[in-house]
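File shown: protein16.cif (mmCIF, C-alpha atoms).
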data_model
loop_
_atom_site.label_atom_id
_atom_site.label_comp_id
_atom_site.auth_asym_id
_atom_site.auth_seq_id
_atom_site.Cartn_x
_atom_site.Cartn_y
_atom_site.Cartn_z
CA MET A 1 10.48 12.62 15.76
CA ASN A 2 8.88 9.66 17.53
CA VAL A 3 6.67 7.73 15.13
CA LEU A 4 4.01 5.15 15.97
CA SER A 5 2.92 3.06 12.99
CA LEU A 6 -0.21 0.93 13.40
CA PHE A 7 -0.89 -1.91 10.97
CA ASN A 8 2.69 -1.26 9.97
CA GLY A 9 3.05 -3.94 7.30
CA ILE A 10 6.53 -3.66 5.81
CA SER A 11 7.27 -0.10 7.03
CA CYS A 12 6.23 1.76 3.90
CA GLY A 13 5.64 4.70 6.21
CA ARG A 14 9.21 4.72 7.46
CA LEU A 15 10.63 4.50 3.94
CA ALA A 16 8.42 7.42 2.85
CA LEU A 17 9.47 9.51 5.87
CA GLU A 18 13.12 8.92 5.05
CA ARG A 19 12.60 9.93 1.43
CA ALA A 20 10.77 13.05 2.60
CA GLY A 21 13.80 14.05 4.65
CA VAL A 22 12.19 13.51 8.07
CA THR A 23 14.54 12.54 10.90
CA ILE A 24 13.22 9.61 12.96
CA ASP A 25 14.30 9.17 16.59
CA ASN A 26 12.13 6.16 17.41
CA TYR A 27 9.90 4.12 15.13
CA PHE A 28 7.36 2.00 17.01
CA SER A 29 5.66 -0.65 14.91
CA SER A 30 2.45 -2.59 15.52
CA GLU A 31 2.15 -5.59 13.19
CA VAL A 32 1.07 -9.23 13.57
CA ASP A 33 1.65 -10.80 10.14
CA GLN A 34 4.72 -13.03 10.45
CA PHE A 35 5.83 -12.50 6.86
CA CYS A 36 5.57 -8.72 7.09
CA LEU A 37 7.54 -8.89 10.33
CA GLN A 38 10.24 -10.90 8.59
CA ILE A 39 10.48 -8.43 5.70
CA ASP A 40 10.46 -5.55 8.16
CA SER A 41 13.27 -6.98 10.27
CA ASN A 42 15.38 -7.50 7.14
CA ASN A 43 15.11 -3.82 6.25
CA TYR A 44 14.67 -2.09 9.60
CA PRO A 45 16.04 -4.22 12.45
CA ASP A 46 15.94 -1.16 14.74
CA ASN A 47 12.15 -0.81 14.52
CA GLN A 48 10.64 -1.26 17.98
CA GLN A 49 7.95 -3.93 17.63
CA ILE A 50 5.07 -3.50 20.10
CA GLY A 51 2.71 -6.26 18.97
CA ASN A 52 -1.02 -6.40 18.34
CA VAL A 53 -2.75 -3.02 18.10
CA LYS A 54 -5.46 -4.23 20.48
CA ASN A 55 -2.91 -4.70 23.25
CA ILE A 56 -1.06 -1.39 22.97
CA GLN A 57 -0.90 0.50 26.25
CA THR A 58 0.09 4.02 25.32
CA ASP A 59 1.16 4.90 28.89
CA TYR A 60 4.36 2.95 28.26
CA LEU A 61 5.27 4.93 25.14
CA PRO A 62 7.18 8.21 24.98
CA LYS A 63 5.53 11.28 23.50
CA ILE A 64 4.43 10.36 19.97
CA ASP A 65 4.90 13.08 17.37
CA LEU A 66 3.40 11.26 14.40
CA LEU A 67 0.76 8.50 14.36
CA ILE A 68 0.30 6.71 11.03
CA GLY A 69 -1.63 3.71 9.79
CA GLY A 70 -3.74 2.16 7.09
CA SER A 71 -6.33 0.14 8.98
CA PRO A 72 -7.45 -3.07 7.20
CA CYS A 73 -9.74 -2.14 4.35
CA GLN A 74 -11.43 -5.38 3.26
CA GLY A 75 -14.79 -4.45 4.76
CA PHE A 76 -14.85 -1.04 3.07
CA SER A 77 -13.59 -1.95 -0.38
CA LEU A 78 -16.10 -1.55 -3.19
CA ALA A 79 -14.65 -4.74 -4.67
CA GLY A 80 -15.31 -6.81 -1.54
CA LYS A 81 -18.33 -7.96 0.43
CA LYS A 82 -18.98 -4.44 1.75
CA LEU A 83 -19.39 -5.51 5.37
CA ALA A 84 -17.91 -2.19 6.56
CA PHE A 85 -17.57 -2.07 10.36
CA ASP A 86 -19.18 -5.51 10.65
CA ASP A 87 -15.95 -6.91 9.22
CA PRO A 88 -13.68 -7.43 12.26
CA ARG A 89 -10.67 -6.38 10.24
CA SER A 90 -12.13 -3.02 9.27
CA ALA A 91 -13.43 -2.51 12.81
CA LEU A 92 -9.77 -2.19 13.82
CA PHE A 93 -10.16 1.41 12.67
CA PHE A 94 -11.49 2.13 16.16
CA GLU A 95 -8.15 1.05 17.62
CA PHE A 96 -6.54 3.79 15.56
CA VAL A 97 -9.09 6.23 16.99
CA ARG A 98 -8.42 5.02 20.54
CA ILE A 99 -4.67 5.43 20.23
CA LEU A 100 -5.03 8.80 18.50
CA GLU A 101 -7.09 10.06 21.44
CA GLU A 102 -4.69 8.63 24.02
CA CYS A 103 -1.41 9.72 22.41
CA LYS A 104 -2.55 13.11 21.10
CA PRO A 105 0.26 13.27 18.53
CA LYS A 106 1.11 16.54 16.83
CA PHE A 107 0.49 14.93 13.44
CA PHE A 108 -1.43 11.91 12.17
CA LEU A 109 -2.14 10.11 8.90
CA LEU A 110 -4.82 7.49 8.25
CA GLU A 111 -5.16 5.81 4.84
CA ASN A 112 -7.99 3.72 3.41
CA VAL A 113 -9.64 2.67 0.16
CA ARG A 114 -12.40 4.28 -1.84
CA MET A 115 -15.71 3.37 -0.19
CA LYS A 116 -19.40 4.20 0.10
CA LYS A 117 -20.07 7.76 1.24
CA GLU A 118 -21.85 6.67 4.42
CA TRP A 119 -18.76 4.78 5.60
CA LEU A 120 -16.49 7.62 4.50
CA ASP A 121 -18.56 10.08 6.54
CA ILE A 122 -18.34 7.91 9.65
CA ILE A 123 -14.55 7.72 9.47
CA THR A 124 -14.35 11.46 8.77
CA SER A 125 -16.50 12.23 11.81
CA TYR A 126 -14.04 10.40 14.05
CA MET A 127 -10.93 11.82 12.39
CA LYS A 128 -12.30 15.39 12.46
CA VAL A 129 -10.58 16.28 9.19
CA GLU A 130 -11.76 15.94 5.61
CA PRO A 131 -9.94 13.27 3.60
CA VAL A 132 -7.90 13.93 0.50
CA LEU A 133 -8.43 11.48 -2.39
CA ILE A 134 -5.14 10.90 -4.20
CA ASN A 135 -4.51 8.71 -7.21
CA SER A 136 -0.96 7.41 -7.16
CA ASN A 137 -0.81 7.61 -10.95
CA ALA A 138 0.27 11.22 -10.43
CA VAL A 139 3.59 10.06 -9.01
CA SER A 140 4.02 6.46 -10.15
CA ALA A 141 3.13 3.91 -12.84
CA GLN A 142 0.13 2.61 -10.88
CA ASN A 143 -3.51 3.70 -10.72
CA ARG A 144 -4.25 3.60 -6.99
CA GLN A 145 -6.97 5.80 -5.51
CA ARG A 146 -6.85 6.09 -1.75
CA TYR A 147 -8.27 8.40 0.91
CA TYR A 148 -5.89 10.09 3.33
CA TRP A 149 -7.04 11.75 6.55
CA THR A 150 -4.29 13.95 7.97
CA ASN A 151 -3.60 17.18 9.81
CA ILE A 152 -0.24 17.59 8.08
CA PRO A 153 -0.52 21.04 6.46
CA ASN A 154 -0.72 21.79 2.75
CA VAL A 155 -1.48 18.25 1.62
CA GLY A 156 -3.31 18.05 -1.67
CA HIS A 157 -3.27 16.01 -4.82
CA PRO A 158 0.16 16.05 -6.50
CA PRO A 159 0.02 18.81 -9.13
CA SER A 160 1.36 17.02 -12.19
CA LEU A 161 0.79 13.62 -13.76
CA ASP A 162 3.83 11.37 -13.83
CA LYS A 163 4.35 10.00 -17.35
CA THR A 164 5.75 6.66 -16.17
CA THR A 165 3.85 3.64 -17.52
CA LEU A 166 3.87 -0.06 -16.76
CA GLY A 167 6.33 -0.57 -19.61
CA ASP A 168 8.87 1.69 -17.89
CA ILE A 169 9.13 -0.49 -14.78
CA VAL A 170 9.12 -4.03 -16.20
CA GLU A 171 12.15 -6.27 -16.01
CA THR A 172 13.79 -7.34 -19.25
CA ASP A 173 15.13 -10.76 -18.27
CA VAL A 174 12.45 -12.80 -16.48
CA ALA A 175 12.50 -16.52 -15.69
CA ASP A 176 10.13 -18.93 -17.44
CA ASN A 177 8.29 -19.76 -14.22
CA TYR A 178 6.36 -16.48 -14.61
CA ASN A 179 4.71 -17.77 -17.79
CA PRO A 180 0.98 -18.54 -17.57
CA GLY A 181 -0.18 -22.14 -17.75
CA GLN A 182 -0.15 -23.81 -21.15
CA LYS A 183 -3.96 -24.23 -21.10
CA LEU A 184 -4.35 -20.48 -20.80
CA LEU A 185 -1.91 -19.86 -23.64
CA ASP A 186 -3.68 -22.41 -25.84
CA ASN A 187 -6.84 -20.29 -25.60
CA TYR A 188 -5.08 -16.98 -26.29
CA GLN A 189 -6.31 -15.34 -29.48
CA GLY A 190 -4.52 -12.03 -29.15
CA GLY A 191 -5.80 -8.78 -27.69
CA ASP A 192 -6.12 -7.91 -24.02
CA ILE A 193 -7.84 -11.07 -22.74
CA LEU A 194 -5.74 -14.19 -22.21
CA ASN A 195 -8.67 -16.60 -21.97
CA PRO A 196 -11.90 -15.42 -23.67
CA ASN A 197 -13.96 -17.66 -21.38
CA TYR A 198 -13.13 -15.49 -18.37
CA LYS A 199 -13.49 -11.72 -18.09
CA SER A 200 -11.88 -11.15 -14.69
CA GLN A 201 -8.74 -9.08 -14.12
CA ALA A 202 -6.90 -12.36 -13.60
CA ASN A 203 -7.15 -13.01 -17.35
CA ARG A 204 -6.49 -9.49 -18.57
CA ILE A 205 -3.32 -8.50 -20.39
CA HIS A 206 -2.34 -5.04 -19.18
CA SER A 207 -1.02 -2.54 -21.69
CA LEU A 208 2.62 -1.57 -21.24
CA ASP A 209 1.74 1.89 -22.56
CA SER A 210 -0.70 2.64 -19.73
CA LYS A 211 -0.71 2.92 -15.97
CA ALA A 212 -0.96 -0.40 -14.17
CA PRO A 213 -4.21 -1.28 -12.38
CA THR A 214 -4.31 -1.15 -8.60
CA LEU A 215 -2.32 -3.67 -6.61
CA CYS A 216 -4.61 -4.84 -3.82
CA ALA A 217 -4.48 -7.15 -0.83
CA GLY A 218 -5.54 -10.14 -2.90
CA SER A 219 -3.19 -9.37 -5.78
CA HIS A 220 -0.50 -11.89 -6.54
CA GLY A 221 1.19 -13.20 -9.63
CA TYR A 222 -1.70 -15.48 -10.57
CA ASN A 223 -4.73 -13.22 -10.23
CA TYR A 224 -3.41 -9.77 -11.06
CA GLY A 225 -3.25 -10.35 -14.78
CA TYR A 226 -0.49 -10.45 -17.36
CA ILE A 227 1.65 -8.39 -19.70
CA LYS A 228 2.71 -9.06 -23.29
CA GLN A 229 6.43 -8.44 -23.63
CA GLY A 230 7.59 -9.00 -27.19
CA ASN A 231 6.18 -12.37 -28.23
CA ARG A 232 5.83 -13.54 -24.66
CA VAL A 233 2.86 -13.37 -22.29
CA ARG A 234 3.77 -13.50 -18.59
CA ARG A 235 2.67 -12.42 -15.15
CA LEU A 236 4.42 -9.68 -13.21
CA THR A 237 7.34 -10.44 -10.93
CA PRO A 238 7.67 -9.46 -7.26
CA ILE A 239 10.25 -6.84 -8.26
CA GLU A 240 7.75 -5.30 -10.67
CA PHE A 241 5.16 -5.19 -7.88
CA GLU A 242 7.76 -3.45 -5.72
CA ARG A 243 8.48 -0.89 -8.42
CA LEU A 244 4.78 -0.13 -8.87
CA GLN A 245 4.64 0.70 -5.16
CA GLY A 246 7.84 2.75 -5.25
CA LEU A 247 9.80 0.21 -3.20
CA PRO A 248 13.47 -0.58 -3.88
CA ASP A 249 14.14 -3.72 -5.87
CA ASN A 250 14.10 -6.83 -3.64
CA PHE A 251 12.82 -4.89 -0.64
CA THR A 252 10.46 -7.81 0.12
CA GLU A 253 12.89 -10.65 -0.58
CA GLY A 254 13.40 -13.38 2.03
CA VAL A 255 9.85 -14.77 1.91
CA SER A 256 7.91 -16.68 -0.77
CA ASP A 257 6.75 -14.91 -3.92
CA THR A 258 3.15 -15.26 -2.75
CA GLN A 259 3.95 -13.36 0.45
CA ARG A 260 5.97 -10.76 -1.45
CA TYR A 261 3.00 -10.05 -3.73
CA LYS A 262 0.66 -9.85 -0.74
CA ALA A 263 2.95 -7.51 1.19
CA CYS A 264 3.18 -5.16 -1.78
CA GLY A 265 -0.57 -5.24 -2.40
CA ASN A 266 -1.27 -4.41 1.24
CA GLY A 267 1.31 -1.64 1.36
CA TRP A 268 1.33 2.07 0.64
CA ASN A 269 2.52 3.67 -2.56
CA ILE A 270 5.78 5.18 -1.34
CA ASN A 271 5.82 8.09 -3.79
CA THR A 272 2.33 9.18 -2.72
CA VAL A 273 3.03 9.06 1.01
CA THR A 274 6.39 10.80 0.51
CA HIS A 275 4.44 13.65 -1.09
CA ILE A 276 2.19 13.80 1.99
CA PHE A 277 5.10 13.69 4.45
CA LYS A 278 7.29 16.34 2.79
CA PRO A 279 5.88 19.28 4.81
CA LEU A 280 7.03 17.53 8.01
CA SER A 281 10.66 18.07 7.10
CA TYR A 282 10.17 21.85 7.36
CA PHE A 283 9.13 21.52 11.01
CA GLN A 284 12.51 19.96 11.78
CA GLN A 285 14.61 22.72 10.21
#
Would you mind writing the file's structure down as structure tokens?
Amino acid sequence: MNVLSLFNGISCGRLALERAGVTIDNYFSSEVDQFCLQIDSNNYPDNQQIGNVKNIQTDYLPKIDLLIGGSPCQGFSLAGKKLAFDDPRSALFFEFVRILEECKPKFFLLENVRMKKEWLDIITSYMKVEPVLINSNAVSAQNRQRYYWTNIPNVGHPPSLDKTTLGDIVETDVADNYNPGQKLLDNYQGGDILNPNYKSQANRIHSLDSKAPTLCAGSHGYNYGYIKQGNRVRRLTPIEFERLQGLPDNFTEGVSDTQRYKACGNGWNINTVTHIFKPLSYFQQ
């Protein structure tokens, strides 16, 4: 199978395809973030990098069997400024549409965030298939609701709820540099808010007995929130971010912690996309 991955990030799509038992002949990757490219080359040096999505000339590619991508979502996110297609990042969706029309792959998958119905309907009109809304808490320790537009057959919401919680994926021996600042700790009065003067997620202490909140593009160790582990309050580690996304431990190593957090927050939940890709393995038997 020849795969073309747009907005490839750190090749979450390739990892999910491998876990789904899909044989890959060529994996073409379009990505511009230098840190994602570094992580990607560490894990998949044989990926064929083809640069900025705006410059892709599909005439030079072989027949593409599967086109995948999660176009930048900042303009659509209900937590953002809601600029929709006026946000140049979210307007890159039309590059996905262009390449889909030019390549005419047998299968495709587009992922994006929950959004206003009017924006959802516009994307659906171009994709010509109804999206499936899947919460990754069915297959992982993370609440992560995302829309998936695909013509892969028999894709629906995973049937059973995974019982894994945040407490099941945390590390047991974590360095002191993941502690919050002393000023924050001085204000801590117990409960699920680290600093009572601020109500944002960045000051919330997440329960180890529940699913973790969504990792997002802006999530990193300082604004995602904290956990209480024994008598200690600390932020999550990059490895814990990886585990919440279904990545192998240290998959994103080789760049700074900030970039590791960002790469995970921008990525796909591997368990969810593996569920979507599983039917493809039957076409190769």
Q. So how far away is atom CA of A:Lys54 from atom CA of A:Ala16, in Å?
A. 25.3 Å
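Here the PyMOL selection byres ((chain A and resi 188) around 12) catches exactly these residues: A:Pro180, A:Gly181, A:Gln182, A:Lys183, A:Leu184, A:Leu185, A:Asp186, A:Asn187, A:Gln189, A:Gly190, A:Gly191, A:Asp192, A:Ile193, A:Leu194, A:Asn195, A:Pro196, A:Asn197, A:Tyr198, A:Asn203, A:Arg204, A:Ile205, A:Tyr226, A:Lys228, A:Arg232, A:Val233.
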May I have the selected residues written with C-alpha atoms, as an mmCIF file, in the frame of the given file?
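Writing done, so here's result_21.cif:
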data_model
loop_
_atom_site.group_PDB
_atom_site.id
_atom_site.type_symbol
_atom_site.label_atom_id
_atom_site.label_comp_id
_atom_site.auth_asym_id
_atom_site.auth_seq_id
_atom_site.Cartn_x
_atom_site.Cartn_y
_atom_site.Cartn_z
ATOM 1 C CA PRO A 180 0.980 -18.540 -17.570
ATOM 2 C CA GLY A 181 -0.180 -22.140 -17.750
ATOM 3 C CA GLN A 182 -0.150 -23.810 -21.150
ATOM 4 C CA LYS A 183 -3.960 -24.230 -21.100
ATOM 5 C CA LEU A 184 -4.350 -20.480 -20.800
ATOM 6 C CA LEU A 185 -1.910 -19.860 -23.640
ATOM 7 C CA ASP A 186 -3.680 -22.410 -25.840
ATOM 8 C CA ASN A 187 -6.840 -20.290 -25.600
ATOM 9 C CA GLN A 189 -6.310 -15.340 -29.480
ATOM 10 C CA GLY A 190 -4.520 -12.030 -29.150
ATOM 11 C CA GLY A 191 -5.800 -8.780 -27.690
ATOM 12 C CA ASP A 192 -6.120 -7.910 -24.020
ATOM 13 C CA ILE A 193 -7.840 -11.070 -22.740
ATOM 14 C CA LEU A 194 -5.740 -14.190 -22.210
ATOM 15 C CA ASN A 195 -8.670 -16.600 -21.970
ATOM 16 C CA PRO A 196 -11.900 -15.420 -23.670
ATOM 17 C CA ASN A 197 -13.960 -17.660 -21.380
ATOM 18 C CA TYR A 198 -13.130 -15.490 -18.370
ATOM 19 C CA ASN A 203 -7.150 -13.010 -17.350
ATOM 20 C CA ARG A 204 -6.490 -9.490 -18.570
ATOM 21 C CA ILE A 205 -3.320 -8.500 -20.390
ATOM 22 C CA TYR A 226 -0.490 -10.450 -17.360
ATOM 23 C CA LYS A 228 2.710 -9.060 -23.290
ATOM 24 C CA ARG A 232 5.830 -13.540 -24.660
ATOM 25 C CA VAL A 233 2.860 -13.370 -22.290
#
Q | Ground truth for the PyMOL selection byres ((chain A and resi 275-280) around 10), written as an MDAnalysis selection string | A | chainID A and resid 1 13 16:23 66 107 109 139 148 150 152:158 270:274 281:285
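Here the PyMOL selection byres ((chain A and resi 168) around 10) captures the residues Ala141, Lys163, Thr164, Thr165, Leu166, Gly167, Ile169, Val170, Glu171, Leu208, Asp209, Ser210, Lys211 and Arg243 of chain A.
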May I have the residues from that selection written out with C-alpha atoms, as a short mmCIF file (atom, residue, chain, number, x, y, z; two decimals), keeping the file's coordinate frame?
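File written: part_25.cif
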data_model
loop_
_atom_site.label_atom_id
_atom_site.label_comp_id
_atom_site.auth_asym_id
_atom_site.auth_seq_id
_atom_site.Cartn_x
_atom_site.Cartn_y
_atom_site.Cartn_z
CA ALA A 141 3.13 3.91 -12.84
CA LYS A 163 4.35 10.00 -17.35
CA THR A 164 5.75 6.66 -16.17
CA THR A 165 3.85 3.64 -17.52
CA LEU A 166 3.87 -0.06 -16.76
CA GLY A 167 6.33 -0.57 -19.61
CA ILE A 169 9.13 -0.49 -14.78
CA VAL A 170 9.12 -4.03 -16.20
CA GLU A 171 12.15 -6.27 -16.01
CA LEU A 208 2.62 -1.57 -21.24
CA ASP A 209 1.74 1.89 -22.56
CA SER A 210 -0.70 2.64 -19.73
CA LYS A 211 -0.71 2.92 -15.97
CA ARG A 243 8.48 -0.89 -8.42
#
(Q) Taking 4 positions as the minimum chain separation for residues in the same chain, which residues sit within 10 Å of A:Glu31 when counting all atoms listed in the file? Answer as a ChimeraX atom specification. (A) /A:5-11,36-37,40,49-53
**Q.** Top pick for closest residue to A:Asp59, considering A:Glu102, A:Glu253, A:Asp46, A:Asp176 and counting all atoms listed in the file
**A.**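 When distances to A:Asp59 are compared using all atoms listed in the file, the smallest one comes from A:Glu102.
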Q: Write out as a PyMOL selection string which residues come within 10 Å of A:Pro62 when counting all atoms listed in the file, dropping same-chain ones fewer than 3 positions away.
A: chain A and resi 2-3+26+58-59+65+103
Q) Between A:Glu95, A:Asp33, A:Glu242, A:Asp249, which has the minimum distance to A:Leu215 (counting all atoms listed in the file)? A)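 The shortest atom-to-atom distance to A:Leu215 comes from A:Glu242.
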Q. Out of A:Asp173, A:Ser29, A:Ser140, A:Tyr178, which residue has the shortest atom-to-atom distance to A:Arg235 when counting all atoms listed in the file?
A. A:Tyr178
Q: Pick out the closest residue to A:Phe35 from this set: A:Ser200, A:Ser256, A:Thr214, A:Ser136. Count all atoms listed in the file.
A: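 Smallest separation from A:Phe35 among the options: A:Ser256.
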(Q) Using all atoms listed in the file, can you tell me which of A:Phe93, A:Tyr60, A:Tyr44, A:Tyr261 comes closest to A:Ile122? (A)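 Closest residue, counting all atoms listed in the file: A:Phe93.
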(Q) Would you compute the distance between atom CA of A:Lys106 and atom CA of A:Arg14? Give it in Å to one decimal. (A)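 Distance between the two atoms: 17.1 Å.
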